[in-house]
>>> print(open('model14.cif').read())   # mmCIF, C-alpha atoms
data_data
loop_
_atom_site.label_atom_id
_atom_site.label_comp_id
_atom_site.auth_asym_id
_atom_site.auth_seq_id
_atom_site.Cartn_x
_atom_site.Cartn_y
_atom_site.Cartn_z
CA MET A 228 113.86 57.91 169.07
CA GLN A 229 111.18 58.84 166.57
CA GLN A 230 111.08 62.35 165.17
CA SER A 231 108.04 64.02 163.65
CA LEU A 232 108.04 65.00 159.98
CA ALA A 233 106.24 68.30 160.56
CA PRO A 234 107.04 71.00 163.09
CA LYS A 235 104.79 71.14 166.14
CA ASN A 236 101.79 73.43 166.54
CA LEU A 237 101.16 74.08 162.86
CA ALA A 238 98.07 76.00 161.85
CA PRO A 239 95.23 73.74 160.65
CA ASP A 240 95.50 75.05 157.10
CA ALA A 241 99.31 74.87 156.86
CA LEU A 242 100.49 73.35 153.59
CA PRO A 243 100.76 69.54 154.01
CA ALA A 244 104.20 68.19 154.82
CA GLY A 245 106.12 65.99 152.40
CA VAL A 246 107.74 66.47 149.01
CA TRP A 247 106.22 68.98 146.59
CA GLY A 248 107.93 68.31 143.28
CA VAL A 249 108.94 71.37 141.29
CA VAL A 250 107.98 70.49 137.73
CA ALA A 251 110.32 71.34 134.86
CA THR A 252 108.76 72.68 131.67
CA PRO A 253 109.96 70.49 128.77
CA PHE A 254 110.69 72.11 125.41
CA GLN A 255 111.22 70.44 122.05
CA GLY A 256 113.18 70.98 118.88
CA SER A 257 115.14 73.97 117.70
CA THR A 258 112.13 76.24 118.25
CA LEU A 259 111.90 75.22 121.93
CA ASP A 260 108.12 74.92 121.83
CA VAL A 261 106.51 73.63 125.02
CA ASP A 262 106.29 69.83 124.93
CA LEU A 263 102.99 69.08 126.62
CA ASP A 264 103.29 65.32 126.06
CA SER A 265 106.56 65.17 127.99
CA LEU A 266 105.06 67.41 130.64
CA SER A 267 102.20 64.95 131.09
CA GLU A 268 104.59 62.02 131.47
CA LEU A 269 106.70 63.88 134.02
CA VAL A 270 103.69 64.89 136.10
CA GLU A 271 102.24 61.38 136.03
CA HIS A 272 105.58 60.04 137.24
CA TYR A 273 105.52 62.36 140.24
CA GLU A 274 102.08 61.13 141.21
CA ALA A 275 103.03 57.46 140.71
CA ILE A 276 106.02 57.71 143.07
CA GLY A 277 104.09 59.37 145.90
CA ALA A 278 104.72 63.11 145.75
CA THR A 279 102.57 65.09 148.20
CA GLY A 280 101.86 67.72 145.58
CA LEU A 281 103.36 69.60 142.66
CA THR A 282 104.79 73.08 142.23
CA VAL A 283 104.13 74.32 138.72
CA LEU A 284 105.50 77.40 136.92
CA GLY A 285 108.27 77.89 139.44
CA VAL A 286 111.75 79.24 138.79
CA PHE A 287 113.00 75.84 137.58
CA GLY A 288 109.82 75.52 135.54
CA GLU A 289 111.20 78.45 133.51
CA ALA A 290 107.94 80.33 134.05
CA ALA A 291 109.62 83.66 133.41
CA ALA A 292 110.52 82.44 129.90
CA LEU A 293 106.93 81.46 129.06
CA THR A 294 104.23 83.59 127.51
CA ALA A 295 100.94 83.98 129.36
CA GLU A 296 99.34 81.60 126.86
CA GLU A 297 102.07 79.02 127.38
CA ARG A 298 101.65 79.26 131.15
CA ARG A 299 97.94 78.57 130.70
CA HIS A 300 98.65 75.54 128.50
CA VAL A 301 101.17 74.17 131.02
CA LEU A 302 98.79 74.53 133.94
CA GLU A 303 95.87 73.13 131.98
CA THR A 304 97.91 70.05 131.08
CA VAL A 305 99.00 69.51 134.68
CA VAL A 306 95.45 69.81 135.97
CA GLU A 307 94.23 67.29 133.41
CA CYS A 308 96.84 64.60 134.02
CA THR A 309 97.16 64.47 137.82
CA SER A 310 94.93 64.57 140.87
CA LEU A 311 97.68 65.99 143.11
CA PRO A 312 97.22 69.38 144.80
CA LEU A 313 99.09 72.23 143.17
CA VAL A 314 101.17 75.21 144.16
CA VAL A 315 101.47 77.61 141.24
CA GLY A 316 104.37 80.03 140.99
CA VAL A 317 103.97 83.77 140.44
CA THR A 318 106.82 85.30 138.45
CA SER A 319 106.12 89.01 138.88
CA LEU A 320 107.54 90.99 141.78
CA ALA A 321 105.07 93.82 141.09
CA THR A 322 101.63 93.66 142.66
CA ARG A 323 99.25 94.26 139.74
CA PRO A 324 100.87 91.76 137.35
CA ALA A 325 101.07 89.25 140.21
CA ILE A 326 97.33 89.59 140.80
CA GLU A 327 96.67 88.81 137.13
CA GLU A 328 98.90 85.73 137.33
CA VAL A 329 97.05 84.52 140.41
CA ARG A 330 93.66 85.02 138.78
CA ALA A 331 94.79 83.05 135.74
CA ALA A 332 95.98 80.22 137.99
CA GLN A 333 92.69 80.19 139.88
CA GLU A 334 90.75 80.07 136.63
CA MET A 335 92.71 77.06 135.38
CA ALA A 336 93.26 75.08 138.59
CA GLY A 337 90.09 75.85 140.54
CA GLY A 338 89.80 73.80 143.71
CA ARG A 339 93.04 71.96 142.91
CA LEU A 340 95.00 75.11 143.75
CA ALA A 341 96.44 74.64 147.23
CA ALA A 342 98.33 77.95 147.13
CA VAL A 343 100.20 80.36 144.92
CA MET A 344 103.92 80.90 145.51
CA VAL A 345 104.86 84.57 145.73
CA GLN A 346 108.43 85.79 146.06
CA ALA A 347 109.52 88.24 148.70
CA ASN A 348 109.83 91.42 146.64
CA SER A 349 111.49 93.76 149.13
CA ALA A 350 113.87 93.70 152.07
CA ARG A 351 111.30 95.73 154.01
CA PRO A 352 108.71 93.59 155.82
CA ASP A 353 106.03 96.29 155.55
CA ALA A 354 106.44 96.39 151.75
CA VAL A 355 106.21 92.60 151.43
CA THR A 356 103.19 92.52 153.74
CA ALA A 357 101.44 95.20 151.68
CA HIS A 358 102.23 93.29 148.46
CA LEU A 359 100.87 90.01 149.76
CA ASP A 360 97.84 91.64 151.37
CA ALA A 361 96.88 93.37 148.13
CA ILE A 362 97.12 90.08 146.23
CA HIS A 363 95.03 88.30 148.83
CA ARG A 364 92.36 91.01 148.95
CA ALA A 365 92.05 90.88 145.17
CA THR A 366 92.05 87.08 144.80
CA GLY A 367 91.47 85.40 148.18
CA ALA A 368 94.40 83.10 147.43
CA LYS A 369 96.44 81.27 150.05
CA MET A 370 100.15 81.73 149.60
CA VAL A 371 103.57 80.18 149.91
CA LEU A 372 106.11 82.93 150.58
CA GLN A 373 109.32 82.20 148.67
CA ASP A 374 112.67 83.58 149.83
CA TYR A 375 114.98 82.91 146.88
CA PRO A 376 117.36 85.84 146.41
CA LEU A 377 119.24 84.17 143.57
CA ALA A 378 116.09 84.40 141.44
CA SER A 379 114.40 87.51 142.84
CA GLY A 380 117.44 89.65 143.49
CA VAL A 381 115.94 90.48 146.89
CA SER A 382 117.65 89.66 150.19
CA ILE A 383 115.37 89.79 153.21
CA ALA A 384 116.33 89.02 156.80
CA THR A 385 114.77 86.01 158.47
CA ALA A 386 113.35 88.24 161.21
CA ALA A 387 111.58 90.25 158.50
CA LEU A 388 110.15 87.05 156.98
CA ILE A 389 108.82 86.07 160.39
CA SER A 390 107.16 89.47 160.71
CA VAL A 391 105.52 89.08 157.30
CA VAL A 392 104.20 85.59 158.01
CA ASN A 393 102.77 86.58 161.37
CA ALA A 394 101.06 89.58 159.75
CA CYS A 395 99.55 87.53 156.91
CA PRO A 396 97.29 84.67 158.07
CA PHE A 397 96.74 83.61 154.44
CA VAL A 398 100.43 82.60 154.14
CA ILE A 399 100.39 78.85 154.77
CA ALA A 400 104.03 77.98 154.03
CA VAL A 401 107.47 79.46 153.50
CA LYS A 402 109.97 78.18 150.96
CA ALA A 403 113.37 79.05 152.41
CA GLU A 404 116.12 79.16 149.77
CA ALA A 405 118.50 81.78 151.12
CA PRO A 406 121.66 80.03 152.38
CA PRO A 407 122.36 78.96 155.04
CA THR A 408 118.88 77.45 154.72
CA SER A 409 119.03 75.30 157.86
CA VAL A 410 119.71 78.39 159.99
CA ALA A 411 116.77 80.25 158.49
CA ILE A 412 114.49 77.23 158.78
CA ALA A 413 115.35 76.73 162.45
CA GLU A 414 114.48 80.36 163.19
CA LEU A 415 111.31 80.28 161.11
CA SER A 416 109.99 77.00 162.46
CA ALA A 417 110.43 78.25 166.03
CA ALA A 418 108.56 81.48 165.36
CA VAL A 419 105.68 80.74 162.97
CA ASP A 420 102.94 78.12 162.75
CA VAL A 421 103.13 77.43 159.02
CA SER A 422 105.02 74.75 157.10
CA ILE A 423 108.62 75.55 156.18
CA PHE A 424 110.12 73.87 153.13
CA GLY A 425 113.64 73.70 151.81
CA GLY A 426 114.52 73.75 148.12
CA LEU A 427 117.77 74.04 146.17
CA GLY A 428 117.56 70.55 144.75
CA GLY A 429 117.61 68.84 148.14
CA GLN A 430 121.26 69.70 148.87
CA GLY A 431 120.51 70.63 152.47
CA LEU A 432 117.53 68.35 153.03
CA LEU A 433 118.87 66.33 155.97
CA ASP A 434 119.95 69.44 157.87
CA GLU A 435 116.72 71.22 156.97
CA LEU A 436 114.62 68.38 158.36
CA GLN A 437 116.59 68.50 161.60
CA ALA A 438 116.03 72.27 161.71
CA GLY A 439 112.25 71.82 161.52
CA ALA A 440 111.42 71.69 157.82
CA ALA A 441 108.15 70.04 156.85
CA GLY A 442 109.81 68.51 153.80
CA ALA A 443 111.14 69.65 150.45
CA MET A 444 109.68 71.75 147.67
CA THR A 445 112.16 71.29 144.88
CA GLY A 446 113.09 69.46 141.72
CA PHE A 447 115.60 66.65 141.28
CA SER A 448 115.99 64.11 138.49
CA TYR A 449 115.46 61.29 141.03
CA PRO A 450 112.58 62.67 143.13
CA GLU A 451 112.07 59.14 144.46
CA ALA A 452 115.09 59.76 146.70
CA LEU A 453 113.63 62.91 148.25
CA ILE A 454 110.31 61.18 148.88
CA ALA A 455 112.01 58.17 150.48
CA CYS A 456 114.19 60.42 152.64
CA VAL A 457 111.29 62.47 153.99
CA ALA A 458 109.16 59.37 154.58
CA ALA A 459 112.03 57.73 156.47
CA TRP A 460 112.47 60.87 158.57
CA GLN A 461 108.79 60.74 159.44
CA ASP A 462 108.87 57.09 160.43
CA ARG A 463 112.33 56.52 161.92
CA GLY A 464 114.25 59.79 162.15
CA TYR A 465 117.64 60.99 160.94
CA GLY A 466 119.51 57.72 160.61
CA ALA A 467 116.93 56.17 158.32
CA ALA A 468 116.58 59.38 156.30
CA ARG A 469 120.35 59.53 155.83
CA ILE A 470 120.47 55.97 154.51
CA GLU A 471 117.80 56.78 151.92
CA LEU A 472 119.42 59.98 150.65
CA LEU A 473 123.12 59.19 150.84
CA PRO A 474 123.51 57.25 147.54
CA TYR A 475 121.99 60.17 145.63
CA LEU A 476 124.03 63.00 147.15
CA PRO A 477 126.70 63.01 144.41
CA LEU A 478 123.97 63.50 141.79
CA ILE A 479 122.20 66.14 143.91
CA ASN A 480 125.45 68.11 144.17
CA PHE A 481 126.19 67.60 140.48
CA GLU A 482 122.80 68.98 139.47
CA GLN A 483 123.15 72.10 141.60
CA GLN A 484 126.17 73.56 139.81
CA ALA A 485 125.86 77.31 139.46
CA LYS A 486 124.74 78.72 136.08
CA VAL A 487 124.08 75.29 134.52
CA ALA A 488 121.89 73.64 137.16
CA LEU A 489 118.71 73.89 135.09
CA ALA A 490 120.32 72.43 131.97
CA ILE A 491 121.92 69.60 133.93
CA ARG A 492 118.65 68.62 135.59
CA LYS A 493 116.75 68.63 132.32
CA GLU A 494 119.42 66.52 130.64
CA CYS A 495 119.26 64.08 133.56
CA LEU A 496 115.49 63.90 133.18
CA ARG A 497 115.94 63.23 129.47
CA GLU A 498 118.47 60.48 130.16
CA ARG A 499 115.95 58.88 132.52
CA GLY A 500 113.30 58.95 129.77
CA LEU A 501 111.04 61.28 131.72
CA ILE A 502 111.14 64.00 129.05
CA LYS A 503 111.99 63.78 125.35
CA ASP A 504 114.26 66.82 125.00
CA SER A 505 116.39 68.81 127.43
CA GLY A 506 116.40 72.23 125.81
CA VAL A 507 116.35 75.37 127.95
CA ARG A 508 115.30 78.82 126.83
CA PRO A 509 117.75 81.72 126.84
CA PRO A 510 119.18 83.33 128.82
CA ALA A 511 119.63 79.98 130.60
CA ALA A 512 122.86 78.22 129.63
CA GLY A 513 122.76 74.90 127.83
CA PHE A 514 124.20 71.60 129.03
CA PRO A 515 128.03 71.53 128.95
CA GLU A 516 129.15 68.47 126.99
CA SER A 517 132.30 68.34 129.12
CA LEU A 518 130.10 67.15 132.01
CA ARG A 519 128.48 64.24 130.18
CA ALA A 520 130.81 61.51 131.44
CA ALA A 521 130.42 62.66 135.05
CA MET A 522 126.67 62.84 134.59
CA HIS A 523 126.54 59.26 133.37
CA THR A 524 128.54 58.13 136.40
CA HIS A 525 126.19 59.83 138.84
CA LEU A 526 123.06 58.68 137.01
CA SER A 527 124.32 55.10 137.01
CA GLU A 528 124.90 55.23 140.77
CA ALA A 529 121.44 56.69 141.33
CA ALA A 530 119.81 54.06 139.11
CA ASP A 531 121.55 51.30 141.07
CA ALA A 532 120.37 52.80 144.36
CA LEU A 533 116.80 53.07 143.13
CA GLY A 534 116.89 49.53 141.78
CA SER A 535 118.14 48.23 145.12
CA ALA A 536 115.45 50.11 147.03
CA THR A 537 112.75 48.87 144.66
CA ALA A 538 113.93 45.28 144.98
CA GLN A 539 113.85 45.50 148.77
CA ALA A 540 110.38 47.01 148.75
CA GLN A 541 109.15 44.18 146.55
CA SER A 542 110.88 41.48 148.65
CA PRO A 543 110.17 42.25 152.32
CA ALA A 544 111.65 38.89 153.29
CA LEU A 545 115.11 40.20 152.44
CA THR A 546 116.98 40.74 155.66
CA THR A 547 120.18 42.21 154.32
CA ALA A 548 120.20 45.84 155.40
CA ARG A 549 121.65 48.53 153.21
CA SER A 550 124.61 50.41 154.64
CA TYR A 551 126.51 53.26 153.05
#
>>> encode(input="model14.cif", output="structure tokens")
Amino acid sequence: MQQSLAPKNLAPDALPAGVWGVVATPFQGSTLDVDLDSLSELVEHYEAIGATGLTVLGVFGEAAALTAEERRHVLETVVECTSLPLVVGVTSLATRPAIEEVRAAQEMAGGRLAAVMVQANSARPDAVTAHLDAIHRATGAKMVLQDYPLASGVSIATAALISVVNACPFVIAVKAEAPPTSVAIAELSAAVDVSIFGGLGGQGLLDELQAGAAGAMTGFSYPEALIACVAAWQDRGYGAARIELLPYLPLINFEQQAKVALAIRKECLRERGLIKDSGVRPPAAGFPESLRAAMHTHLSEAADALGSATAQAQSPALTTARSY
């Protein structure tokens, strides 16, 4: 039985389904200056492998550790080196600074800006609604509402999120990252007509798709796996999606280790040759050398899986099916 990628009855302007890659911000050297050359290579890779769009200056893009000028340089570089639509993260939980961030994003991205991603800044739905409404009235921006309590420090009930979305017609997607994500996504997708995306490195992607997610909005050192999984879900349903994702699950879990997840992912990206350096800015913790052997094991398995998938795609006459 075929299953649809996107939930039914979405609003016409809902954010397109698929995989929106969350772009890391590469740094270089002991000074940890922004490495715009590596950023360009990473963004071009996302476009080459078929990402639906990109999420820039998100939590895993270390936007909170960037100056306003650095954020402008990052966004300018992304706009110049890809044609993909963009979601740009807003770091501030306060309304006036958030408005300034949105205006800066609009100035740099122009028509390429699909939406800005604004975090839920209160447990009270009326406060979140007022925050989003003020931003929209000042900027006219469409929004992705992000529920990520680990980053924001705010825990909001799913029923409150539903109330906010239904009160704000300019919200075109929700990024649900409050565990258990599949429970929240099931409730959201049944109650609102916007796209719901999972995150958290793709750890819950299969369950999230079954719960009604439109795809994933997250980072992972092998984004090819997320794209293949969501495409398989769209075409052939759960079984095919599972086959695509299963070889990469050890690496997905490895990358999502608490407190060092960012450093692990950036080191994995460096090992793949997608960025030149894996430095993270304080207060983020650096890569633990004690994990290097395990990382190499997981990266080797992922590389083998990608090589096998690439070979099959290039040789359609092969009839040997993969099974895991």
>>> atom_distance(input="model14.cif", atom1="CA of Arg299 in chain A", atom2="CA of Ala357 in chain A")
27.0 Å
>>> atom_distance(input="model14.cif", atom1="CA of Gly288 in chain A", atom2="CA of Thr252 in chain A")
4.9 Å
>>> residues_around(input="model14.cif", residues="Lys369 in chain A", least_positions_apart="4", cutoff="8 Å", atoms="all atoms listed in the file", output="list of chain:residue names")
A:Ala341, A:Ala342, A:Val343, A:His363, A:Phe397, A:Val398, A:Ile399
>>> closest_residue(input="model14.cif", among="A:Leu237, A:Ala251, A:Met444, A:Ala244", to="Arg497 in chain A", atoms="all atoms listed in the file")
A:Ala251
>>> atom_distance(input="model14.cif", atom1="CA of Leu266 in chain A", atom2="CA of Pro477 in chain A")
26.0 Å
>>> residues_around(input="model14.cif", residues="Leu313 in chain A", least_positions_apart="4", cutoff="8 Å", atoms="all atoms listed in the file", output="list in words")
Gly280, Leu281, Thr282, Val283, Ala336, Arg339, Leu340, Ala341 and Ala342 of chain A
>>> residues_around(input="model14.cif", residues="Val401 in chain A", least_positions_apart="6", cutoff="7 Å", atoms="only C-alpha atoms", output="PyMOL selection string")
chain A and resi 371-373+422-424
>>> closest_residue(input="model14.cif", among="A:Gly248, A:Gly425, A:Pro510, A:Pro312", to="Ala440 in chain A", atoms="all atoms listed in the file")
A:Gly425
>>> residues_around(input="model14.cif", residues="Lys493 in chain A", least_positions_apart="4", cutoff="12 Å", atoms="only C-alpha atoms", output="number ranges by chain")
A: 250-255, 265-266, 269, 287-289, 446-449, 482-483, 487-489, 497-508, 511-514, 522
>>> residues_near_point(input="model14.cif", point="(104.7, 65.4, 148.5)", cutoff="12 Å", atoms="all atoms listed in the file", output="number ranges by chain")
A: 232, 242-249, 273-282, 311-314, 424, 441-446, 450-458
>>> write_last_selection(input="model14.cif", atoms="C-alpha atoms", output="PDB file, keeping the file's coordinate frame")
ATOM      1  CA  LEU A 232     108.040  65.000 159.980  1.00  0.00           C
ATOM      2  CA  LEU A 242     100.490  73.350 153.590  1.00  0.00           C
ATOM      3  CA  PRO A 243     100.760  69.540 154.010  1.00  0.00           C
ATOM      4  CA  ALA A 244     104.200  68.190 154.820  1.00  0.00           C
ATOM      5  CA  GLY A 245     106.120  65.990 152.400  1.00  0.00           C
ATOM      6  CA  VAL A 246     107.740  66.470 149.010  1.00  0.00           C
ATOM      7  CA  TRP A 247     106.220  68.980 146.590  1.00  0.00           C
ATOM      8  CA  GLY A 248     107.930  68.310 143.280  1.00  0.00           C
ATOM      9  CA  VAL A 249     108.940  71.370 141.290  1.00  0.00           C
ATOM     10  CA  TYR A 273     105.520  62.360 140.240  1.00  0.00           C
ATOM     11  CA  GLU A 274     102.080  61.130 141.210  1.00  0.00           C
ATOM     12  CA  ALA A 275     103.030  57.460 140.710  1.00  0.00           C
ATOM     13  CA  ILE A 276     106.020  57.710 143.070  1.00  0.00           C
ATOM     14  CA  GLY A 277     104.090  59.370 145.900  1.00  0.00           C
ATOM     15  CA  ALA A 278     104.720  63.110 145.750  1.00  0.00           C
ATOM     16  CA  THR A 279     102.570  65.090 148.200  1.00  0.00           C
ATOM     17  CA  GLY A 280     101.860  67.720 145.580  1.00  0.00           C
ATOM     18  CA  LEU A 281     103.360  69.600 142.660  1.00  0.00           C
ATOM     19  CA  THR A 282     104.790  73.080 142.230  1.00  0.00           C
ATOM     20  CA  LEU A 311      97.680  65.990 143.110  1.00  0.00           C
ATOM     21  CA  PRO A 312      97.220  69.380 144.800  1.00  0.00           C
ATOM     22  CA  LEU A 313      99.090  72.230 143.170  1.00  0.00           C
ATOM     23  CA  VAL A 314     101.170  75.210 144.160  1.00  0.00           C
ATOM     24  CA  PHE A 424     110.120  73.870 153.130  1.00  0.00           C
ATOM     25  CA  ALA A 441     108.150  70.040 156.850  1.00  0.00           C
ATOM     26  CA  GLY A 442     109.810  68.510 153.800  1.00  0.00           C
ATOM     27  CA  ALA A 443     111.140  69.650 150.450  1.00  0.00           C
ATOM     28  CA  MET A 444     109.680  71.750 147.670  1.00  0.00           C
ATOM     29  CA  THR A 445     112.160  71.290 144.880  1.00  0.00           C
ATOM     30  CA  GLY A 446     113.090  69.460 141.720  1.00  0.00           C
ATOM     31  CA  PRO A 450     112.580  62.670 143.130  1.00  0.00           C
ATOM     32  CA  GLU A 451     112.070  59.140 144.460  1.00  0.00           C
ATOM     33  CA  ALA A 452     115.090  59.760 146.700  1.00  0.00           C
ATOM     34  CA  LEU A 453     113.630  62.910 148.250  1.00  0.00           C
ATOM     35  CA  ILE A 454     110.310  61.180 148.880  1.00  0.00           C
ATOM     36  CA  ALA A 455     112.010  58.170 150.480  1.00  0.00           C
ATOM     37  CA  CYS A 456     114.190  60.420 152.640  1.00  0.00           C
ATOM     38  CA  VAL A 457     111.290  62.470 153.990  1.00  0.00           C
ATOM     39  CA  ALA A 458     109.160  59.370 154.580  1.00  0.00           C
TER      40      ALA A 458
END
>>> closest_residue(input="model14.cif", among="A:Ile389, A:Leu427, A:Ala400, A:Cys495", to="Ala521 in chain A", atoms="all atoms listed in the file")
A:Cys495
>>> closest_residue(input="model14.cif", among="A:Val391, A:Ala538, A:Cys308, A:Leu472", to="Ser349 in chain A", atoms="only C-alpha atoms")
A:Val391
>>> resolve_selection(input="model14.cif", expression="the PyMOL selection byres ((chain A and resi 438) around 7)", output="list in words")
Ser409, Ile412, Ala413, Asp434, Glu435, Leu436, Gln437, Gly439 and Ala440 of chain A
>>> closest_residue(input="model14.cif", among="A:Val345, A:Ala530, A:Leu433, A:Leu476", to="Asp360 in chain A", atoms="all atoms listed in the file")
A:Val345
>>> closest_residue(input="model14.cif", among="A:Asn480, A:Ser416, A:Ser382, A:Gln333", to="Arg492 in chain A", atoms="only C-alpha atoms")
A:Asn480
>>> resolve_selection(input="model14.cif", expression="the PyMOL selection byres ((chain A and resi 329) around 9)", output="PyMOL selection string")
chain A and resi 315-317+324-328+330-334+343+362+366+368
>>> axis_aligned_box(input="model14.cif", around="range 355-374 of chain A", padding_each_side="8 Å", output="lines of an AutoDock Vina configuration file")
center_x = 102.1
center_y = 87.7
center_z = 149.3
size_x = 37.2
size_y = 31.0
size_z = 24.9
